[in-house]
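Data from protein_19.pdb: PDB, C-alpha atoms
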ATOM      1  CA  MET C   1      86.813  60.300  94.291  1.00  0.00           C
ATOM      2  CA  GLY C   2      89.793  58.143  95.135  1.00  0.00           C
ATOM      3  CA  GLY C   3      91.320  57.164  98.492  1.00  0.00           C
ATOM      4  CA  ASN C   4      93.524  59.485 100.479  1.00  0.00           C
ATOM      5  CA  VAL C   5      95.165  61.378  97.639  1.00  0.00           C
ATOM      6  CA  THR C   6      93.160  64.203  96.120  1.00  0.00           C
ATOM      7  CA  THR C   7      93.983  64.752  92.464  1.00  0.00           C
ATOM      8  CA  PRO C   8      93.284  67.808  90.302  1.00  0.00           C
ATOM      9  CA  ASP C   9      90.681  65.681  88.507  1.00  0.00           C
ATOM     10  CA  ASP C  10      88.907  65.018  91.832  1.00  0.00           C
ATOM     11  CA  ILE C  11      88.778  68.746  92.534  1.00  0.00           C
ATOM     12  CA  GLU C  12      87.697  69.539  88.975  1.00  0.00           C
ATOM     13  CA  ASP C  13      84.870  66.967  89.186  1.00  0.00           C
ATOM     14  CA  ALA C  14      83.786  68.403  92.530  1.00  0.00           C
ATOM     15  CA  ILE C  15      83.747  71.968  91.151  1.00  0.00           C
ATOM     16  CA  ALA C  16      81.512  70.766  88.317  1.00  0.00           C
ATOM     17  CA  ARG C  17      79.156  69.216  90.887  1.00  0.00           C
ATOM     18  CA  ILE C  18      79.204  72.401  93.001  1.00  0.00           C
ATOM     19  CA  SER C  19      77.866  74.282  89.967  1.00  0.00           C
ATOM     20  CA  LEU C  20      74.850  71.940  90.209  1.00  0.00           C
ATOM     21  CA  GLY C  21      74.360  72.766  93.900  1.00  0.00           C
ATOM     22  CA  ASP C  22      76.084  69.654  95.343  1.00  0.00           C
ATOM     23  CA  ARG C  23      76.876  70.474  98.994  1.00  0.00           C
ATOM     24  CA  ALA C  24      78.949  67.318  99.547  1.00  0.00           C
ATOM     25  CA  ALA C  25      81.178  68.299  96.619  1.00  0.00           C
ATOM     26  CA  PHE C  26      81.512  71.786  98.132  1.00  0.00           C
ATOM     27  CA  GLN C  27      82.561  70.260 101.467  1.00  0.00           C
ATOM     28  CA  PHE C  28      85.076  68.049  99.635  1.00  0.00           C
ATOM     29  CA  VAL C  29      86.642  71.047  97.844  1.00  0.00           C
ATOM     30  CA  TYR C  30      86.733  73.004 101.094  1.00  0.00           C
ATOM     31  CA  ASP C  31      88.416  70.140 102.980  1.00  0.00           C
ATOM     32  CA  ALA C  32      90.902  69.527 100.165  1.00  0.00           C
ATOM     33  CA  THR C  33      91.892  73.162  99.539  1.00  0.00           C
ATOM     34  CA  SER C  34      91.093  75.432 102.494  1.00  0.00           C
ATOM     35  CA  ALA C  35      94.504  75.110 104.202  1.00  0.00           C
ATOM     36  CA  LYS C  36      96.350  76.140 101.034  1.00  0.00           C
ATOM     37  CA  LEU C  37      93.920  78.957 100.208  1.00  0.00           C
ATOM     38  CA  PHE C  38      94.100  80.228 103.801  1.00  0.00           C
ATOM     39  CA  GLY C  39      97.887  80.389 103.364  1.00  0.00           C
ATOM     40  CA  VAL C  40      97.462  82.457 100.176  1.00  0.00           C
ATOM     41  CA  CYS C  41      95.092  84.868 101.974  1.00  0.00           C
ATOM     42  CA  LEU C  42      97.382  85.114 104.996  1.00  0.00           C
ATOM     43  CA  ARG C  43     100.441  85.884 102.845  1.00  0.00           C
ATOM     44  CA  VAL C  44      98.611  88.730 101.107  1.00  0.00           C
ATOM     45  CA  LEU C  45      96.898  90.197 104.177  1.00  0.00           C
ATOM     46  CA  ASN C  46      99.377  89.332 106.946  1.00  0.00           C
ATOM     47  CA  ASN C  47      96.445  89.285 109.387  1.00  0.00           C
ATOM     48  CA  ARG C  48      94.952  86.012 110.584  1.00  0.00           C
ATOM     49  CA  ALA C  49      91.416  87.300 111.309  1.00  0.00           C
ATOM     50  CA  GLU C  50      91.180  89.075 107.943  1.00  0.00           C
ATOM     51  CA  ALA C  51      92.555  85.998 106.176  1.00  0.00           C
ATOM     52  CA  GLU C  52      89.861  83.846 107.821  1.00  0.00           C
ATOM     53  CA  ASP C  53      87.126  86.297 106.760  1.00  0.00           C
ATOM     54  CA  THR C  54      88.564  86.465 103.244  1.00  0.00           C
ATOM     55  CA  LEU C  55      88.672  82.663 103.034  1.00  0.00           C
ATOM     56  CA  GLN C  56      84.915  82.610 103.743  1.00  0.00           C
ATOM     57  CA  GLU C  57      84.398  85.128 100.923  1.00  0.00           C
ATOM     58  CA  VAL C  58      86.490  82.922  98.617  1.00  0.00           C
ATOM     59  CA  TYR C  59      84.291  79.883  99.234  1.00  0.00           C
ATOM     60  CA  ILE C  60      81.124  81.941  98.766  1.00  0.00           C
ATOM     61  CA  LYS C  61      82.573  82.894  95.366  1.00  0.00           C
ATOM     62  CA  VAL C  62      83.430  79.239  94.656  1.00  0.00           C
ATOM     63  CA  TRP C  63      79.801  78.291  95.385  1.00  0.00           C
ATOM     64  CA  HIS C  64      78.461  81.028  93.094  1.00  0.00           C
ATOM     65  CA  LYS C  65      81.103  80.888  90.331  1.00  0.00           C
ATOM     66  CA  ALA C  66      81.713  77.136  90.044  1.00  0.00           C
ATOM     67  CA  GLY C  67      79.769  77.117  86.776  1.00  0.00           C
ATOM     68  CA  LEU C  68      82.271  79.595  85.301  1.00  0.00           C
ATOM     69  CA  TYR C  69      85.333  77.512  86.187  1.00  0.00           C
ATOM     70  CA  LYS C  70      85.639  75.446  82.988  1.00  0.00           C
ATOM     71  CA  ALA C  71      85.649  78.467  80.712  1.00  0.00           C
ATOM     72  CA  ASN C  72      88.917  79.909  81.988  1.00  0.00           C
ATOM     73  CA  GLY C  73      91.391  77.179  81.009  1.00  0.00           C
ATOM     74  CA  TYR C  74      93.119  77.042  84.411  1.00  0.00           C
ATOM     75  CA  SER C  75      93.851  73.938  86.459  1.00  0.00           C
ATOM     76  CA  PRO C  76      91.419  73.724  89.395  1.00  0.00           C
ATOM     77  CA  MET C  77      94.054  74.738  91.982  1.00  0.00           C
ATOM     78  CA  THR C  78      95.262  77.656  89.860  1.00  0.00           C
ATOM     79  CA  TRP C  79      91.654  78.851  89.559  1.00  0.00           C
ATOM     80  CA  LEU C  80      91.097  78.545  93.316  1.00  0.00           C
ATOM     81  CA  ILE C  81      94.440  80.177  94.202  1.00  0.00           C
ATOM     82  CA  THR C  82      93.757  83.031  91.770  1.00  0.00           C
ATOM     83  CA  LEU C  83      90.296  83.509  93.275  1.00  0.00           C
ATOM     84  CA  ALA C  84      91.798  83.554  96.798  1.00  0.00           C
ATOM     85  CA  ARG C  85      94.655  85.895  95.887  1.00  0.00           C
ATOM     86  CA  ASN C  86      92.361  88.339  94.054  1.00  0.00           C
ATOM     87  CA  THR C  87      89.829  88.347  96.901  1.00  0.00           C
ATOM     88  CA  ALA C  88      92.616  89.000  99.431  1.00  0.00           C
ATOM     89  CA  ILE C  89      94.084  91.783  97.260  1.00  0.00           C
ATOM     90  CA  ASP C  90      90.624  93.366  96.962  1.00  0.00           C
ATOM     91  CA  ARG C  91      90.354  93.303 100.768  1.00  0.00           C
ATOM     92  CA  LEU C  92      93.834  94.816 101.062  1.00  0.00           C
ATOM     93  CA  ARG C  93      92.834  97.618  98.695  1.00  0.00           C
ATOM     94  CA  ALA C  94      89.588  98.188 100.592  1.00  0.00           C
ATOM     95  CA  ARG C  95      91.671  98.626 103.757  1.00  0.00           C
ATOM     96  CA  LYS C  96      93.467 101.532 102.101  1.00  0.00           C
ATOM     97  CA  THR C  97      90.361 103.144 100.588  1.00  0.00           C
ATOM     98  CA  VAL C  98      89.347 106.486 101.998  1.00  0.00           C
ATOM     99  CA  THR C  99      86.172 108.382 101.262  1.00  0.00           C
ATOM    100  CA  LEU C 100      86.500 111.758  99.579  1.00  0.00           C
ATOM    101  CA  ASP C 101      84.170 114.627  98.936  1.00  0.00           C
ATOM    102  CA  ILE C 102      83.003 114.505  95.296  1.00  0.00           C
ATOM    103  CA  ASP C 103      84.732 117.841  94.527  1.00  0.00           C
ATOM    104  CA  GLU C 104      88.040 116.468  95.808  1.00  0.00           C
ATOM    105  CA  ALA C 105      87.596 113.280  93.803  1.00  0.00           C
ATOM    106  CA  GLN C 106      87.368 115.207  90.518  1.00  0.00           C
ATOM    107  CA  ALA C 107      90.741 116.830  91.164  1.00  0.00           C
ATOM    108  CA  LEU C 108      92.535 113.517  91.694  1.00  0.00           C
ATOM    109  CA  PRO C 109      94.915 112.477  88.931  1.00  0.00           C
ATOM    110  CA  ASP C 110      94.514 109.076  87.270  1.00  0.00           C
ATOM    111  CA  GLY C 111      96.308 106.596  89.542  1.00  0.00           C
ATOM    112  CA  GLY C 112      97.457 104.393  86.653  1.00  0.00           C
ATOM    113  CA  PRO C 113     100.914 104.639  85.181  1.00  0.00           C
ATOM    114  CA  GLY C 114     101.390 107.070  82.318  1.00  0.00           C
ATOM    115  CA  PRO C 115     103.082 106.125  79.034  1.00  0.00           C
ATOM    116  CA  GLU C 116     106.556 106.379  80.599  1.00  0.00           C
ATOM    117  CA  GLY C 117     105.532 104.230  83.583  1.00  0.00           C
ATOM    118  CA  GLN C 118     103.962 101.653  81.271  1.00  0.00           C
ATOM    119  CA  ALA C 119     107.145 101.492  79.182  1.00  0.00           C
ATOM    120  CA  ILE C 120     109.272 101.025  82.324  1.00  0.00           C
ATOM    121  CA  ALA C 121     106.942  98.282  83.626  1.00  0.00           C
ATOM    122  CA  ALA C 122     107.052  96.482  80.263  1.00  0.00           C
ATOM    123  CA  SER C 123     110.842  96.752  80.240  1.00  0.00           C
ATOM    124  CA  GLU C 124     111.018  95.330  83.782  1.00  0.00           C
ATOM    125  CA  ARG C 125     108.730  92.411  82.798  1.00  0.00           C
ATOM    126  CA  ARG C 126     110.992  91.652  79.818  1.00  0.00           C
ATOM    127  CA  LYS C 127     114.075  91.828  82.040  1.00  0.00           C
ATOM    128  CA  LEU C 128     112.507  89.477  84.603  1.00  0.00           C
ATOM    129  CA  ALA C 129     111.529  87.055  81.821  1.00  0.00           C
ATOM    130  CA  ALA C 130     115.097  87.161  80.462  1.00  0.00           C
ATOM    131  CA  CYS C 131     116.511  86.536  83.952  1.00  0.00           C
ATOM    132  CA  MET C 132     114.098  83.612  84.472  1.00  0.00           C
ATOM    133  CA  GLU C 133     115.430  82.175  81.201  1.00  0.00           C
ATOM    134  CA  GLU C 134     118.944  82.179  82.693  1.00  0.00           C
ATOM    135  CA  LEU C 135     117.814  79.713  85.361  1.00  0.00           C
ATOM    136  CA  ASP C 136     117.748  75.966  84.660  1.00  0.00           C
ATOM    137  CA  ALA C 137     114.295  75.038  83.336  1.00  0.00           C
ATOM    138  CA  ASP C 138     113.337  73.032  86.435  1.00  0.00           C
ATOM    139  CA  ARG C 139     114.515  75.831  88.762  1.00  0.00           C
ATOM    140  CA  SER C 140     112.592  78.427  86.764  1.00  0.00           C
ATOM    141  CA  GLU C 141     109.426  76.324  86.866  1.00  0.00           C
ATOM    142  CA  ALA C 142     109.879  75.683  90.619  1.00  0.00           C
ATOM    143  CA  VAL C 143     110.204  79.449  91.242  1.00  0.00           C
ATOM    144  CA  ARG C 144     107.029  80.108  89.214  1.00  0.00           C
ATOM    145  CA  ARG C 145     105.136  77.361  91.038  1.00  0.00           C
ATOM    146  CA  ALA C 146     106.295  78.538  94.479  1.00  0.00           C
ATOM    147  CA  TYR C 147     105.829  82.280  94.085  1.00  0.00           C
ATOM    148  CA  LEU C 148     103.082  82.607  91.473  1.00  0.00           C
ATOM    149  CA  ASP C 149     100.986  79.452  91.899  1.00  0.00           C
ATOM    150  CA  GLY C 150     101.434  79.116  95.661  1.00  0.00           C
ATOM    151  CA  ASP C 151     102.816  75.547  95.668  1.00  0.00           C
ATOM    152  CA  SER C 152     104.417  74.626  98.996  1.00  0.00           C
ATOM    153  CA  TYR C 153     108.063  73.610  99.282  1.00  0.00           C
ATOM    154  CA  LYS C 154     106.867  70.131 100.257  1.00  0.00           C
ATOM    155  CA  GLU C 155     104.710  69.847  97.107  1.00  0.00           C
ATOM    156  CA  LEU C 156     107.593  71.049  94.956  1.00  0.00           C
ATOM    157  CA  ALA C 157     110.063  68.631  96.578  1.00  0.00           C
ATOM    158  CA  ALA C 158     107.674  65.757  95.805  1.00  0.00           C
ATOM    159  CA  ARG C 159     107.068  66.997  92.242  1.00  0.00           C
ATOM    160  CA  TYR C 160     110.791  67.192  91.456  1.00  0.00           C
ATOM    161  CA  ASP C 161     111.638  64.131  93.562  1.00  0.00           C
ATOM    162  CA  VAL C 162     114.217  65.929  95.712  1.00  0.00           C
ATOM    163  CA  PRO C 163     114.545  66.273  99.500  1.00  0.00           C
ATOM    164  CA  LEU C 164     112.734  69.233 101.092  1.00  0.00           C
ATOM    165  CA  ASN C 165     116.006  70.974 102.035  1.00  0.00           C
ATOM    166  CA  THR C 166     117.242  70.611  98.451  1.00  0.00           C
ATOM    167  CA  MET C 167     114.083  72.353  97.228  1.00  0.00           C
ATOM    168  CA  ARG C 168     114.621  75.169  99.745  1.00  0.00           C
ATOM    169  CA  THR C 169     118.201  75.517  98.477  1.00  0.00           C
ATOM    170  CA  TRP C 170     117.032  75.520  94.829  1.00  0.00           C
ATOM    171  CA  LEU C 171     114.550  78.298  95.504  1.00  0.00           C
ATOM    172  CA  ARG C 172     116.906  80.387  97.668  1.00  0.00           C
ATOM    173  CA  ARG C 173     119.743  80.163  95.106  1.00  0.00           C
ATOM    174  CA  SER C 174     117.357  80.835  92.231  1.00  0.00           C
ATOM    175  CA  LEU C 175     116.042  83.975  93.939  1.00  0.00           C
ATOM    176  CA  LEU C 176     119.619  85.151  94.573  1.00  0.00           C
ATOM    177  CA  LYS C 177     120.458  84.597  90.887  1.00  0.00           C
ATOM    178  CA  LEU C 178     117.336  86.509  89.868  1.00  0.00           C
ATOM    179  CA  LYS C 179     118.189  89.374  92.233  1.00  0.00           C
ATOM    180  CA  ASP C 180     121.716  89.492  90.839  1.00  0.00           C
ATOM    181  CA  CYS C 181     120.489  89.372  87.234  1.00  0.00           C
ATOM    182  CA  LEU C 182     117.881  92.095  87.830  1.00  0.00           C
ATOM    183  CA  SER C 183     120.437  94.414  89.448  1.00  0.00           C
ATOM    184  CA  ARG C 184     122.779  94.284  86.396  1.00  0.00           C
TER     185      ARG C 184
END

Is it possible to give me this structure as structure tokens?
Amino acid sequence: MGGNVTTPDDIEDAIARISLGDRAAFQFVYDATSAKLFGVCLRVLNNRAEAEDTLQEVYIKVWHKAGLYKANGYSPMTWLITLARNTAIDRLRARKTVTLDIDEAQALPDGGPGPEGQAIAASERRKLAACMEELDADRSEAVRRAYLDGDSYKELAARYDVPLNTMRTWLRRSLLKLKDCLSR
């Protein structure tokens, strides 16, 4: 694995080696990705101690699920970020879980949206997609990378070869445009 810069290929190779039980590869992936994944956990949980515990769970999953990585078609960072986000969301849900008597549990309505709720959600997704289309392509992609993939402003500024403050401005203005579009 090359010099100071860690590439997606380096991480992908290391994940493949983790699936074979390679501890050095595991340490490499941890060193290369733990700061970013901790940030993902912290954003979801808003609690440093829980984020640290969740990060440990994430890497236990990485160790056990590395062999499944290739099958999903994601880039290595997207796979890791998704694993971190889902683990943090599971912890968040567990926080809110209460135990009920079995008789009470039978009386609970299905928590999922009904047909009307599903139609509204689908309509909102279409509206958001249409509003994203109104943004310049690079702005739209930057918004997706920042808020869905977890890329940092610094990473995005480097990717688009613009100063950090320009990237902040792009994202702030893009979010304002989206808010405006969604409120129409």

- [ ] Kindly indicate which residue among C:Leu164, C:Ala94, C:Leu178, C:Val40 lies nearest to Leu148 in chain C, using all atoms listed in the file for the distances.
- [x]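 So, comparing all the options, the nearest one is C:Val40.
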
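CA of Leu182 in chain C is positioned 26.9 Å from CA of Thr78 in chain C.
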
- [ ] Give as a PyMOL selection string the set of residues within 12 Å of the point (101.3, 77.3, 93.8), where distances use the file's coordinates and only C-alpha atoms.
- [x] chain C and resi 33+36-37+39-40+75-82+84-85+141-156+159

Task: Who sits within 12 Å of Ile18 in chain C, all atoms listed in the file, same chain under 6 positions skipped, as a VMD selection string - done: chain C and resid 11 to 12 24 to 30 59 to 69

Open item on the list: Which residues are near Leu128 in chain C? Cut-off 12 Å, only C-alpha atoms, ignore same chain within fewer than 2 positions. Put them as a list in words.
Closed with: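 That gives Ala121, Ala122, Ser123, Glu124, Arg125, Arg126, Ala130, Cys131, Met132, Glu133, Glu134, Leu135, Ser140, Arg144, Leu175, Lys177, Leu178, Lys179, Asp180, Cys181, Leu182, Ser183 and Arg184 of chain C.
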
Open item on the list: Considering only C-alpha atoms, can you say which of C:Thr7, C:Thr54, C:Asn165, C:Ser174 comes closest to Leu42 in chain C?
Closed with: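 Checking each candidate against Leu42 in chain C, we get C:Thr54 as the closest.
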
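Put simply, CA of Val5 in chain C is 13.4 Å away from CA of Ala158 in chain C.
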
Task: Residue nearest Ser19 in chain C among C:Lys96, C:Arg173, C:Lys70, C:Lys127 (counting all atoms listed in the file) - done: C:Lys70

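Here CA of Ala88 in chain C and CA of Ala35 in chain C stand 14.8 Å from one another.
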
TODO: Considering all atoms listed in the file, state which residue in the set C:Arg43, C:Arg91, C:Ala157, C:Ala32 is at the smallest distance from Glu57 in chain C.
DONE: C:Arg91

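Nearest residue to Val44 in chain C among C:Ile89, C:Val58, C:Ala137, C:Ala14 is C:Ile89, counting all atoms listed in the file.
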
Can you tell me, as lines of an AutoDock Vina configuration file, the centre and edge lengths (Å, one decimal) of the axis-aligned box enclosing all of range 62-65 of chain C's listed atoms after padding each side by 6 Å?
center_x = 80.9
center_y = 79.7
center_z = 92.9
size_x = 17.0
size_y = 14.7
size_z = 17.1

Mind filling out range 162-176 of chain C with N, CA, C and O atoms and sending it as a short mmCIF file (atom, residue, chain, number, x, y, z; two decimals), keeping the file's coordinate frame?
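rebuild34.cif was written with the following content:
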data_model
loop_
_atom_site.label_atom_id
_atom_site.label_comp_id
_atom_site.auth_asym_id
_atom_site.auth_seq_id
_atom_site.Cartn_x
_atom_site.Cartn_y
_atom_site.Cartn_z
N VAL C 162 113.01 65.53 94.99
CA VAL C 162 114.22 65.93 95.71
C VAL C 162 113.85 66.12 97.18
O VAL C 162 112.68 66.37 97.50
N PRO C 163 114.83 66.02 98.09
CA PRO C 163 114.54 66.27 99.50
C PRO C 163 114.07 67.71 99.72
O PRO C 163 114.42 68.62 98.94
N LEU C 164 113.29 67.92 100.79
CA LEU C 164 112.73 69.23 101.09
C LEU C 164 113.82 70.30 101.21
O LEU C 164 113.69 71.40 100.65
N ASN C 165 114.94 69.99 101.89
CA ASN C 165 116.01 70.97 102.04
C ASN C 165 116.65 71.32 100.70
O ASN C 165 117.08 72.45 100.48
N THR C 166 116.72 70.34 99.80
CA THR C 166 117.24 70.61 98.45
C THR C 166 116.34 71.61 97.73
O THR C 166 116.82 72.55 97.08
N MET C 167 115.02 71.42 97.87
CA MET C 167 114.08 72.35 97.23
C MET C 167 114.25 73.76 97.81
O MET C 167 114.27 74.74 97.07
N ARG C 168 114.41 73.85 99.13
CA ARG C 168 114.62 75.17 99.74
C ARG C 168 115.88 75.82 99.17
O ARG C 168 115.90 77.02 98.87
N THR C 169 116.94 75.01 99.03
CA THR C 169 118.20 75.52 98.48
C THR C 169 118.01 75.97 97.03
O THR C 169 118.48 77.04 96.64
N TRP C 170 117.31 75.15 96.22
CA TRP C 170 117.03 75.52 94.83
C TRP C 170 116.38 76.89 94.78
O TRP C 170 116.79 77.77 94.02
N LEU C 171 115.32 77.06 95.57
CA LEU C 171 114.55 78.30 95.50
C LEU C 171 115.37 79.48 96.01
O LEU C 171 115.36 80.55 95.40
N ARG C 172 116.09 79.30 97.12
CA ARG C 172 116.91 80.39 97.67
C ARG C 172 117.97 80.82 96.66
O ARG C 172 118.12 82.00 96.36
N ARG C 173 118.69 79.83 96.08
CA ARG C 173 119.74 80.16 95.11
C ARG C 173 119.15 80.79 93.84
O ARG C 173 119.74 81.71 93.27
N SER C 174 118.00 80.28 93.42
CA SER C 174 117.36 80.83 92.23
C SER C 174 116.96 82.29 92.46
O SER C 174 117.15 83.14 91.58
N LEU C 175 116.42 82.59 93.64
CA LEU C 175 116.04 83.98 93.94
C LEU C 175 117.27 84.87 93.99
O LEU C 175 117.23 86.02 93.54
N LEU C 176 118.38 84.36 94.55
CA LEU C 176 119.62 85.15 94.57
C LEU C 176 120.12 85.43 93.16
O LEU C 176 120.55 86.54 92.85
#
